[in-house]
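Enquirer: Below: one structure in structure tokens.
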Amino acid sequence: MRIVKLPHLPSETTKAQPGDLLPDVWYKGKEHNIETNQVEQHIKMKNIVIFGAPGSGKGTQSDKLIEHYGLEHISTGDVLRAEIKKGSELGKTAQQYIDQGQLIPDDLMVSILAAVYDGFGRGHKGVIFDGFPRTIPQAEALKAMLAERGDSVAAMLELDVPEDELMKRLILRGQQSGRADDNEETIRKRLVVYHTQTLPLIEWYKQEGLHHHINGMGSLERIFSDICQVVDNL
């Protein structure tokens with residue numbers, strides 16, 4: 001057994017000497033606590049994927065999350081339109097795909113989202129990702145992008161609304177807004193695409209331990225209360 005000689009520690013009747021290690025140990029301990037607190041604060045960043053079919057209330061609940069928690073918001077549609085409008089290189093590249101009637105490649109979309117995410121700086125409380133990811137490769141790409149920055153998704157919130165209710169909401173929205181794409185035929189096609197793409201992604205987030213089911217039926221206040229129960233415990 002190796003015997004380790006402990007340094008002299010001051011007692012109640014003796015004063016600390018320059019060679020005593022207690023002040024140094026105390027300081028390092030304090031410094032360690034500060035670092036630990038900083039790490040804990042960093043982990044509490046609440047990046048959230050809000051997920052659901054068209055008409056499930058993602059936009060409404062995102063607005064309430066932003067107001068209540070002070071989170072940032074990234075909507076893929078809004079981001080694309082903004083990048084194209086300001087004529088950024090990423091926006092020009094995206095426009096070329098759109099003009100050719102092609103889907104924007106995942107790596108380009110992630111690059112655009114990364115640029116917006118980085119624009120929030122390091123002091124933000126978290127970001128709501130709305131409309132992305134929609135496929136497993138996109139979820140993997142988002143996870144990798146955040147990991148490069150030492151961040152991660154804290155939760156995926158799935159707003160679950162029956163299809164017949166989604167149809168009612170979207171048709172009503174089309175009547176109120178005049179959106180040409182909110183007609184029954186187009187809505188059904190969009191819902192088919194949604195269900196085809198989302199079921200595997202829901203399972204993927206379950207395997208990641210991040211999936212949270214939210215009943216999207218009922219009052220906005222009750223739905224938001226259920227969401228808050230999840231977010232408050234992250």
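Following the order of the structure tokens, chains are lettered A, B, ..., residues in each are numbered from 1, and ligands are numbered from 1.
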Excluding same-chain residues fewer than 3 positions from Ser111 in chain A, what lies within 10 Å of it counting only C-alpha atoms, as a PyMOL selection string?
Expert: chain A and resi 90+106-108+114-117+141-142+145
Enquirer: Can you tell me, as a ChimeraX atom specification, what residues are no more than 6 Å from range 60-75 of chain A when counting only C-alpha atoms, ignoring any on the same chain fewer than 5 positions away?
Expert: /A:125-131
Enquirer: What are the DSSP helix (DSSP H, G or I) residues of range 27-213 of chain A, as a short mmCIF file (atom, residue, chain, number, x, y, z; two decimals) with N, CA, C and O atoms, in the first residue's frame?
Expert:
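Saved to states36.cif:
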data_model
loop_
_atom_site.label_atom_id
_atom_site.label_comp_id
_atom_site.auth_asym_id
_atom_site.auth_seq_id
_atom_site.Cartn_x
_atom_site.Cartn_y
_atom_site.Cartn_z
N TYR A 27 -9.73 27.19 -4.06
CA TYR A 27 -9.94 27.99 -5.25
C TYR A 27 -10.26 27.09 -6.46
O TYR A 27 -11.17 27.37 -7.23
N LYS A 28 -9.46 26.00 -6.55
CA LYS A 28 -9.71 25.13 -7.69
C LYS A 28 -11.09 24.49 -7.59
O LYS A 28 -11.77 24.29 -8.60
N GLY A 29 -11.51 24.17 -6.37
CA GLY A 29 -12.84 23.61 -6.19
C GLY A 29 -13.90 24.60 -6.62
O GLY A 29 -14.87 24.25 -7.28
N LYS A 30 -13.71 25.86 -6.24
CA LYS A 30 -14.66 26.90 -6.63
C LYS A 30 -14.68 27.06 -8.14
O LYS A 30 -15.74 27.19 -8.76
N GLU A 31 -13.47 27.03 -8.73
CA GLU A 31 -13.38 27.17 -10.18
C GLU A 31 -14.09 26.00 -10.87
O GLU A 31 -14.80 26.17 -11.85
N HIS A 32 -13.93 24.81 -10.29
CA HIS A 32 -14.58 23.64 -10.85
C HIS A 32 -16.10 23.78 -10.81
O HIS A 32 -16.79 23.43 -11.76
N ASN A 33 -16.63 24.33 -9.71
CA ASN A 33 -18.07 24.53 -9.59
C ASN A 33 -18.58 25.49 -10.65
O ASN A 33 -19.65 25.31 -11.19
N ILE A 34 -17.80 26.54 -10.90
CA ILE A 34 -18.20 27.51 -11.92
C ILE A 34 -18.29 26.82 -13.27
O ILE A 34 -19.25 27.00 -14.02
N GLU A 35 -17.26 25.99 -13.58
CA GLU A 35 -17.27 25.31 -14.86
C GLU A 35 -18.45 24.35 -14.95
O GLU A 35 -19.10 24.24 -15.98
N THR A 36 -18.74 23.67 -13.85
CA THR A 36 -19.86 22.73 -13.83
C THR A 36 -21.16 23.47 -14.07
O THR A 36 -22.02 23.02 -14.83
N ASN A 37 -21.32 24.63 -13.43
CA ASN A 37 -22.54 25.40 -13.61
C ASN A 37 -22.69 25.85 -15.05
O ASN A 37 -23.79 25.88 -15.60
N GLN A 38 -21.55 26.22 -15.68
CA GLN A 38 -21.61 26.65 -17.06
C GLN A 38 -22.03 25.51 -17.96
O GLN A 38 -22.83 25.68 -18.88
N VAL A 39 -21.51 24.31 -17.68
CA VAL A 39 -21.89 23.15 -18.48
C VAL A 39 -23.36 22.85 -18.29
O VAL A 39 -24.09 22.59 -19.24
N GLU A 40 -23.84 22.90 -17.02
CA GLU A 40 -25.25 22.63 -16.75
C GLU A 40 -26.13 23.64 -17.46
O GLU A 40 -27.17 23.30 -18.01
N GLN A 41 -25.72 24.89 -17.46
CA GLN A 41 -26.50 25.93 -18.12
C GLN A 41 -26.55 25.66 -19.62
O GLN A 41 -27.57 25.84 -20.27
N HIS A 42 -25.39 25.20 -20.18
CA HIS A 42 -25.34 24.93 -21.61
C HIS A 42 -26.27 23.76 -21.97
O HIS A 42 -26.98 23.79 -22.96
N ILE A 43 -26.30 22.73 -21.12
CA ILE A 43 -27.13 21.56 -21.38
C ILE A 43 -28.61 21.93 -21.37
O ILE A 43 -29.42 21.31 -22.05
N LYS A 58 -48.92 23.56 -35.52
CA LYS A 58 -47.49 23.79 -35.23
C LYS A 58 -47.17 25.27 -35.12
O LYS A 58 -46.47 25.70 -34.20
N GLY A 59 -47.69 26.06 -36.07
CA GLY A 59 -47.38 27.49 -36.06
C GLY A 59 -47.94 28.19 -34.83
O GLY A 59 -47.26 28.99 -34.19
N THR A 60 -49.18 27.85 -34.48
CA THR A 60 -49.81 28.47 -33.31
C THR A 60 -49.07 28.14 -32.03
O THR A 60 -48.78 29.02 -31.20
N GLN A 61 -48.74 26.85 -31.85
CA GLN A 61 -48.04 26.44 -30.64
C GLN A 61 -46.60 26.94 -30.62
O GLN A 61 -46.06 27.23 -29.54
N SER A 62 -45.98 27.07 -31.77
CA SER A 62 -44.63 27.65 -31.84
C SER A 62 -44.65 29.08 -31.34
O SER A 62 -43.76 29.49 -30.57
N ASP A 63 -45.65 29.85 -31.76
CA ASP A 63 -45.76 31.24 -31.31
C ASP A 63 -45.90 31.31 -29.79
O ASP A 63 -45.29 32.18 -29.13
N LYS A 64 -46.67 30.40 -29.22
CA LYS A 64 -46.87 30.41 -27.77
C LYS A 64 -45.57 30.01 -27.05
O LYS A 64 -45.25 30.55 -25.99
N LEU A 65 -44.83 29.06 -27.63
CA LEU A 65 -43.55 28.65 -27.04
C LEU A 65 -42.55 29.80 -27.07
O LEU A 65 -41.81 30.02 -26.10
N ILE A 66 -42.52 30.51 -28.17
CA ILE A 66 -41.60 31.65 -28.31
C ILE A 66 -41.91 32.71 -27.25
O ILE A 66 -41.01 33.22 -26.59
N GLU A 67 -43.20 33.01 -27.09
CA GLU A 67 -43.60 34.04 -26.13
C GLU A 67 -43.33 33.60 -24.69
O GLU A 67 -42.86 34.39 -23.87
N HIS A 68 -43.60 32.34 -24.39
CA HIS A 68 -43.51 31.85 -23.01
C HIS A 68 -42.07 31.59 -22.58
O HIS A 68 -41.69 31.90 -21.43
N TYR A 69 -41.27 31.00 -23.48
CA TYR A 69 -39.92 30.58 -23.09
C TYR A 69 -38.80 31.44 -23.70
O TYR A 69 -37.64 31.25 -23.35
N THR A 76 -38.67 26.26 -41.98
CA THR A 76 -37.94 26.05 -43.23
C THR A 76 -38.49 26.90 -44.37
O THR A 76 -37.73 27.45 -45.16
N GLY A 77 -39.83 26.98 -44.45
CA GLY A 77 -40.42 27.79 -45.51
C GLY A 77 -40.02 29.25 -45.39
O GLY A 77 -39.63 29.88 -46.39
N ASP A 78 -40.11 29.80 -44.20
CA ASP A 78 -39.75 31.20 -43.98
C ASP A 78 -38.27 31.44 -44.25
O ASP A 78 -37.89 32.46 -44.84
N VAL A 79 -37.44 30.48 -43.81
CA VAL A 79 -35.99 30.62 -43.99
C VAL A 79 -35.64 30.63 -45.47
O VAL A 79 -34.86 31.47 -45.94
N LEU A 80 -36.23 29.71 -46.23
CA LEU A 80 -35.95 29.65 -47.67
C LEU A 80 -36.35 30.94 -48.37
O LEU A 80 -35.60 31.51 -49.17
N ARG A 81 -37.57 31.41 -48.05
CA ARG A 81 -38.03 32.65 -48.68
C ARG A 81 -37.13 33.83 -48.33
O ARG A 81 -36.83 34.67 -49.17
N ALA A 82 -36.66 33.87 -47.07
CA ALA A 82 -35.80 34.97 -46.64
C ALA A 82 -34.45 34.93 -47.34
O ALA A 82 -33.93 35.97 -47.78
N GLU A 83 -33.86 33.73 -47.45
CA GLU A 83 -32.56 33.59 -48.11
C GLU A 83 -32.65 33.95 -49.59
O GLU A 83 -31.76 34.59 -50.15
N ILE A 84 -33.74 33.52 -50.22
CA ILE A 84 -33.93 33.84 -51.65
C ILE A 84 -34.15 35.33 -51.84
O ILE A 84 -33.59 35.95 -52.75
N LYS A 85 -34.92 35.93 -50.94
CA LYS A 85 -35.22 37.36 -51.06
C LYS A 85 -33.98 38.22 -50.92
O LYS A 85 -33.80 39.20 -51.65
N LYS A 86 -33.10 37.86 -49.97
CA LYS A 86 -31.90 38.68 -49.77
C LYS A 86 -30.77 38.34 -50.73
O LYS A 86 -29.73 38.99 -50.74
N GLU A 89 -25.88 33.49 -51.32
CA GLU A 89 -25.41 32.40 -52.18
C GLU A 89 -26.24 31.14 -51.97
O GLU A 89 -26.60 30.44 -52.92
N LEU A 90 -26.55 30.85 -50.70
CA LEU A 90 -27.39 29.70 -50.41
C LEU A 90 -28.78 29.87 -51.00
O LEU A 90 -29.36 28.92 -51.53
N GLY A 91 -29.29 31.09 -50.92
CA GLY A 91 -30.61 31.37 -51.47
C GLY A 91 -30.64 31.23 -52.99
O GLY A 91 -31.60 30.71 -53.56
N LYS A 92 -29.58 31.69 -53.65
CA LYS A 92 -29.50 31.57 -55.12
C LYS A 92 -29.45 30.11 -55.54
O LYS A 92 -30.10 29.71 -56.51
N THR A 93 -28.68 29.32 -54.79
CA THR A 93 -28.58 27.89 -55.11
C THR A 93 -29.93 27.21 -54.91
O THR A 93 -30.36 26.39 -55.74
N ALA A 94 -30.61 27.56 -53.81
CA ALA A 94 -31.92 26.98 -53.55
C ALA A 94 -32.92 27.36 -54.65
O ALA A 94 -33.72 26.53 -55.09
N GLN A 95 -32.85 28.60 -55.12
CA GLN A 95 -33.76 29.08 -56.16
C GLN A 95 -33.59 28.28 -57.45
O GLN A 95 -34.56 27.99 -58.16
N GLN A 96 -32.35 27.89 -57.75
CA GLN A 96 -32.09 27.10 -58.96
C GLN A 96 -32.82 25.76 -58.91
O GLN A 96 -33.40 25.33 -59.90
N TYR A 97 -32.81 25.13 -57.75
CA TYR A 97 -33.53 23.86 -57.60
C TYR A 97 -35.03 24.07 -57.73
O TYR A 97 -35.74 23.29 -58.38
N ILE A 98 -35.53 25.13 -57.10
CA ILE A 98 -36.96 25.42 -57.14
C ILE A 98 -37.41 25.71 -58.57
O ILE A 98 -38.45 25.23 -59.02
N ASP A 99 -36.62 26.50 -59.29
CA ASP A 99 -36.96 26.85 -60.67
C ASP A 99 -37.03 25.62 -61.57
O ASP A 99 -37.77 25.60 -62.55
N ASP A 106 -30.91 17.72 -49.06
CA ASP A 106 -30.83 17.82 -47.60
C ASP A 106 -29.60 18.59 -47.14
O ASP A 106 -29.67 19.39 -46.20
N ASP A 107 -28.45 18.34 -47.80
CA ASP A 107 -27.22 19.01 -47.34
C ASP A 107 -27.30 20.51 -47.52
O ASP A 107 -26.81 21.28 -46.69
N LEU A 108 -27.97 20.96 -48.60
CA LEU A 108 -28.15 22.40 -48.82
C LEU A 108 -29.09 22.97 -47.78
O LEU A 108 -28.84 24.05 -47.21
N MET A 109 -30.19 22.26 -47.50
CA MET A 109 -31.15 22.74 -46.51
C MET A 109 -30.51 22.84 -45.14
O MET A 109 -30.73 23.81 -44.40
N VAL A 110 -29.70 21.85 -44.78
CA VAL A 110 -29.03 21.87 -43.48
C VAL A 110 -28.02 23.03 -43.42
O VAL A 110 -27.88 23.68 -42.37
N SER A 111 -27.35 23.30 -44.53
CA SER A 111 -26.41 24.43 -44.57
C SER A 111 -27.13 25.75 -44.33
O SER A 111 -26.65 26.62 -43.61
N ILE A 112 -28.32 25.88 -44.92
CA ILE A 112 -29.12 27.09 -44.72
C ILE A 112 -29.56 27.20 -43.27
O ILE A 112 -29.45 28.26 -42.63
N LEU A 113 -30.05 26.09 -42.70
CA LEU A 113 -30.49 26.10 -41.31
C LEU A 113 -29.32 26.38 -40.37
O LEU A 113 -29.48 27.10 -39.38
N ALA A 114 -28.15 25.83 -40.69
CA ALA A 114 -26.97 26.05 -39.85
C ALA A 114 -26.59 27.53 -39.83
O ALA A 114 -26.21 28.07 -38.78
N ALA A 115 -26.68 28.19 -41.00
CA ALA A 115 -26.36 29.61 -41.07
C ALA A 115 -27.30 30.44 -40.21
O ALA A 115 -26.88 31.37 -39.50
N VAL A 116 -28.59 30.08 -40.24
CA VAL A 116 -29.57 30.80 -39.43
C VAL A 116 -29.34 30.50 -37.94
O VAL A 116 -29.36 31.41 -37.10
N TYR A 117 -29.09 29.24 -37.63
CA TYR A 117 -28.85 28.82 -36.24
C TYR A 117 -27.65 29.56 -35.67
O TYR A 117 -27.70 30.08 -34.54
N ASP A 118 -26.57 29.62 -36.42
CA ASP A 118 -25.36 30.30 -35.95
C ASP A 118 -25.61 31.80 -35.76
O ASP A 118 -24.97 32.44 -34.92
N GLY A 119 -26.55 32.33 -36.54
CA GLY A 119 -26.86 33.75 -36.42
C GLY A 119 -27.49 34.13 -35.09
O GLY A 119 -27.48 35.30 -34.70
N ILE A 136 -35.89 10.68 -42.07
CA ILE A 136 -34.83 10.20 -41.19
C ILE A 136 -33.47 10.77 -41.59
O ILE A 136 -32.72 11.21 -40.72
N PRO A 137 -33.11 10.79 -42.88
CA PRO A 137 -31.82 11.41 -43.25
C PRO A 137 -31.72 12.87 -42.80
O PRO A 137 -30.65 13.32 -42.38
N GLN A 138 -32.83 13.61 -42.87
CA GLN A 138 -32.81 15.00 -42.41
C GLN A 138 -32.62 15.07 -40.90
O GLN A 138 -31.89 15.94 -40.40
N ALA A 139 -33.26 14.15 -40.17
CA ALA A 139 -33.10 14.12 -38.70
C ALA A 139 -31.65 13.81 -38.34
O ALA A 139 -31.09 14.39 -37.41
N GLU A 140 -31.05 12.88 -39.07
CA GLU A 140 -29.65 12.53 -38.82
C GLU A 140 -28.73 13.71 -39.14
O GLU A 140 -27.77 13.97 -38.41
N ALA A 141 -29.05 14.43 -40.22
CA ALA A 141 -28.24 15.59 -40.60
C ALA A 141 -28.37 16.71 -39.57
O ALA A 141 -27.39 17.38 -39.24
N LEU A 142 -29.58 16.93 -39.06
CA LEU A 142 -29.79 17.94 -38.02
C LEU A 142 -29.04 17.58 -36.76
O LEU A 142 -28.39 18.43 -36.14
N LYS A 143 -29.09 16.32 -36.39
CA LYS A 143 -28.37 15.85 -35.20
C LYS A 143 -26.87 16.09 -35.35
O LYS A 143 -26.21 16.57 -34.42
N ALA A 144 -26.33 15.79 -36.53
CA ALA A 144 -24.90 15.98 -36.77
C ALA A 144 -24.53 17.46 -36.76
O ALA A 144 -23.49 17.85 -36.20
N MET A 145 -25.38 18.30 -37.36
CA MET A 145 -25.10 19.74 -37.40
C MET A 145 -25.04 20.32 -35.99
O MET A 145 -24.15 21.10 -35.65
N LEU A 146 -26.00 19.94 -35.16
CA LEU A 146 -26.02 20.45 -33.79
C LEU A 146 -24.86 19.89 -32.98
O LEU A 146 -24.25 20.60 -32.18
N ALA A 147 -24.52 18.62 -33.20
CA ALA A 147 -23.42 18.00 -32.46
C ALA A 147 -22.10 18.69 -32.74
O ALA A 147 -21.24 18.82 -31.86
N GLU A 148 -21.91 19.18 -33.97
CA GLU A 148 -20.69 19.91 -34.33
C GLU A 148 -20.55 21.17 -33.49
O GLU A 148 -19.45 21.68 -33.30
N GLU A 163 -57.09 12.67 -39.03
CA GLU A 163 -57.07 13.19 -40.40
C GLU A 163 -58.35 13.93 -40.76
O GLU A 163 -58.30 14.94 -41.48
N ASP A 164 -59.50 13.46 -40.29
CA ASP A 164 -60.74 14.16 -40.63
C ASP A 164 -60.76 15.57 -40.06
O ASP A 164 -61.27 16.51 -40.68
N GLU A 165 -60.17 15.75 -38.87
CA GLU A 165 -60.09 17.08 -38.27
C GLU A 165 -59.10 17.95 -39.04
O GLU A 165 -59.34 19.16 -39.22
N LEU A 166 -58.00 17.35 -39.48
CA LEU A 166 -57.03 18.10 -40.29
C LEU A 166 -57.69 18.63 -41.56
O LEU A 166 -57.46 19.78 -41.96
N MET A 167 -58.50 17.79 -42.21
CA MET A 167 -59.19 18.21 -43.43
C MET A 167 -60.08 19.41 -43.15
O MET A 167 -60.08 20.40 -43.90
N LYS A 168 -60.85 19.35 -42.06
CA LYS A 168 -61.75 20.45 -41.71
C LYS A 168 -60.95 21.74 -41.50
O LYS A 168 -61.32 22.81 -42.00
N ARG A 169 -59.88 21.64 -40.74
CA ARG A 169 -59.08 22.83 -40.43
C ARG A 169 -58.47 23.44 -41.69
O ARG A 169 -58.49 24.67 -41.87
N LEU A 170 -57.91 22.59 -42.55
CA LEU A 170 -57.21 23.11 -43.73
C LEU A 170 -58.18 23.68 -44.75
O LEU A 170 -57.88 24.69 -45.40
N ILE A 171 -59.34 23.06 -44.91
CA ILE A 171 -60.34 23.60 -45.83
C ILE A 171 -60.83 24.95 -45.32
O ILE A 171 -60.98 25.91 -46.08
N LEU A 172 -61.07 25.04 -44.00
CA LEU A 172 -61.49 26.31 -43.40
C LEU A 172 -60.40 27.36 -43.58
O LEU A 172 -60.69 28.52 -43.90
N ARG A 173 -59.14 26.96 -43.38
CA ARG A 173 -58.03 27.90 -43.55
C ARG A 173 -57.97 28.41 -44.98
O ARG A 173 -57.72 29.59 -45.23
N GLY A 174 -58.22 27.51 -45.93
CA GLY A 174 -58.20 27.91 -47.33
C GLY A 174 -59.30 28.91 -47.65
O GLY A 174 -59.10 29.86 -48.40
N GLN A 175 -60.48 28.69 -47.05
CA GLN A 175 -61.60 29.61 -47.27
C GLN A 175 -61.31 30.98 -46.67
O GLN A 175 -61.70 32.01 -47.24
N GLN A 176 -60.63 30.98 -45.54
CA GLN A 176 -60.35 32.25 -44.86
C GLN A 176 -59.17 33.00 -45.48
O GLN A 176 -59.17 34.23 -45.52
N SER A 177 -58.17 32.24 -45.95
CA SER A 177 -56.94 32.89 -46.45
C SER A 177 -56.90 33.00 -47.96
O SER A 177 -56.12 33.79 -48.51
N GLU A 184 -59.46 20.32 -51.17
CA GLU A 184 -59.53 18.95 -50.66
C GLU A 184 -58.57 18.00 -51.38
O GLU A 184 -57.88 17.20 -50.73
N GLU A 185 -58.50 18.09 -52.69
CA GLU A 185 -57.62 17.17 -53.44
C GLU A 185 -56.16 17.37 -53.07
O GLU A 185 -55.43 16.40 -52.79
N THR A 186 -55.73 18.61 -53.03
CA THR A 186 -54.33 18.91 -52.70
C THR A 186 -54.02 18.54 -51.25
O THR A 186 -52.94 18.02 -50.95
N ILE A 187 -54.97 18.81 -50.37
CA ILE A 187 -54.77 18.49 -48.95
C ILE A 187 -54.56 16.99 -48.76
O ILE A 187 -53.66 16.56 -48.03
N ARG A 188 -55.38 16.18 -49.45
CA ARG A 188 -55.25 14.72 -49.30
C ARG A 188 -53.87 14.25 -49.78
O ARG A 188 -53.26 13.37 -49.17
N LYS A 189 -53.39 14.83 -50.87
CA LYS A 189 -52.06 14.47 -51.37
C LYS A 189 -50.99 14.83 -50.35
O LYS A 189 -50.05 14.06 -50.12
N ARG A 190 -51.11 16.01 -49.76
CA ARG A 190 -50.13 16.45 -48.77
C ARG A 190 -50.14 15.55 -47.54
O ARG A 190 -49.08 15.24 -46.97
N LEU A 191 -51.33 15.09 -47.14
CA LEU A 191 -51.43 14.22 -45.98
C LEU A 191 -50.85 12.84 -46.27
O LEU A 191 -50.26 12.21 -45.39
N VAL A 192 -51.03 12.36 -47.50
CA VAL A 192 -50.42 11.08 -47.88
C VAL A 192 -48.91 11.17 -47.78
O VAL A 192 -48.24 10.29 -47.23
N VAL A 193 -48.35 12.25 -48.32
CA VAL A 193 -46.89 12.46 -48.25
C VAL A 193 -46.45 12.56 -46.79
O VAL A 193 -45.43 11.97 -46.39
N TYR A 194 -47.22 13.28 -46.00
CA TYR A 194 -46.87 13.44 -44.58
C TYR A 194 -46.81 12.10 -43.87
O TYR A 194 -45.84 11.77 -43.20
N HIS A 195 -47.86 11.30 -44.02
CA HIS A 195 -47.91 10.02 -43.32
C HIS A 195 -46.82 9.07 -43.83
O HIS A 195 -46.28 8.28 -43.06
N THR A 196 -46.52 9.14 -45.12
CA THR A 196 -45.47 8.28 -45.68
C THR A 196 -44.12 8.62 -45.09
O THR A 196 -43.31 7.74 -44.78
N GLN A 197 -43.86 9.92 -44.90
CA GLN A 197 -42.56 10.36 -44.43
C GLN A 197 -42.44 10.35 -42.91
O GLN A 197 -41.35 10.10 -42.37
N THR A 198 -43.54 10.60 -42.21
CA THR A 198 -43.42 10.84 -40.77
C THR A 198 -43.40 9.59 -39.91
O THR A 198 -42.72 9.58 -38.88
N LEU A 199 -44.11 8.55 -40.30
CA LEU A 199 -44.16 7.37 -39.44
C LEU A 199 -42.77 6.83 -39.10
O LEU A 199 -42.47 6.56 -37.93
N PRO A 200 -41.87 6.68 -40.08
CA PRO A 200 -40.51 6.23 -39.73
C PRO A 200 -39.78 7.24 -38.86
O PRO A 200 -39.00 6.86 -37.99
N LEU A 201 -40.03 8.53 -39.09
CA LEU A 201 -39.32 9.56 -38.33
C LEU A 201 -39.78 9.58 -36.88
O LEU A 201 -38.97 9.79 -35.96
N ILE A 202 -41.07 9.34 -36.65
CA ILE A 202 -41.58 9.26 -35.28
C ILE A 202 -40.89 8.12 -34.54
O ILE A 202 -40.45 8.26 -33.39
N GLU A 203 -40.77 6.98 -35.21
CA GLU A 203 -40.11 5.83 -34.59
C GLU A 203 -38.64 6.14 -34.33
O GLU A 203 -38.07 5.71 -33.32
N TRP A 204 -38.01 6.88 -35.24
CA TRP A 204 -36.59 7.24 -35.08
C TRP A 204 -36.40 8.07 -33.82
O TRP A 204 -35.48 7.83 -33.03
N TYR A 205 -37.26 9.06 -33.61
CA TYR A 205 -37.15 9.91 -32.42
C TYR A 205 -37.51 9.14 -31.15
O TYR A 205 -36.99 9.46 -30.07
N LYS A 206 -38.38 8.14 -31.27
CA LYS A 206 -38.65 7.30 -30.11
C LYS A 206 -37.39 6.54 -29.70
O LYS A 206 -37.07 6.42 -28.51
N GLN A 207 -36.66 6.02 -30.69
CA GLN A 207 -35.43 5.31 -30.41
C GLN A 207 -34.37 6.23 -29.80
O GLN A 207 -33.53 5.79 -29.02
#
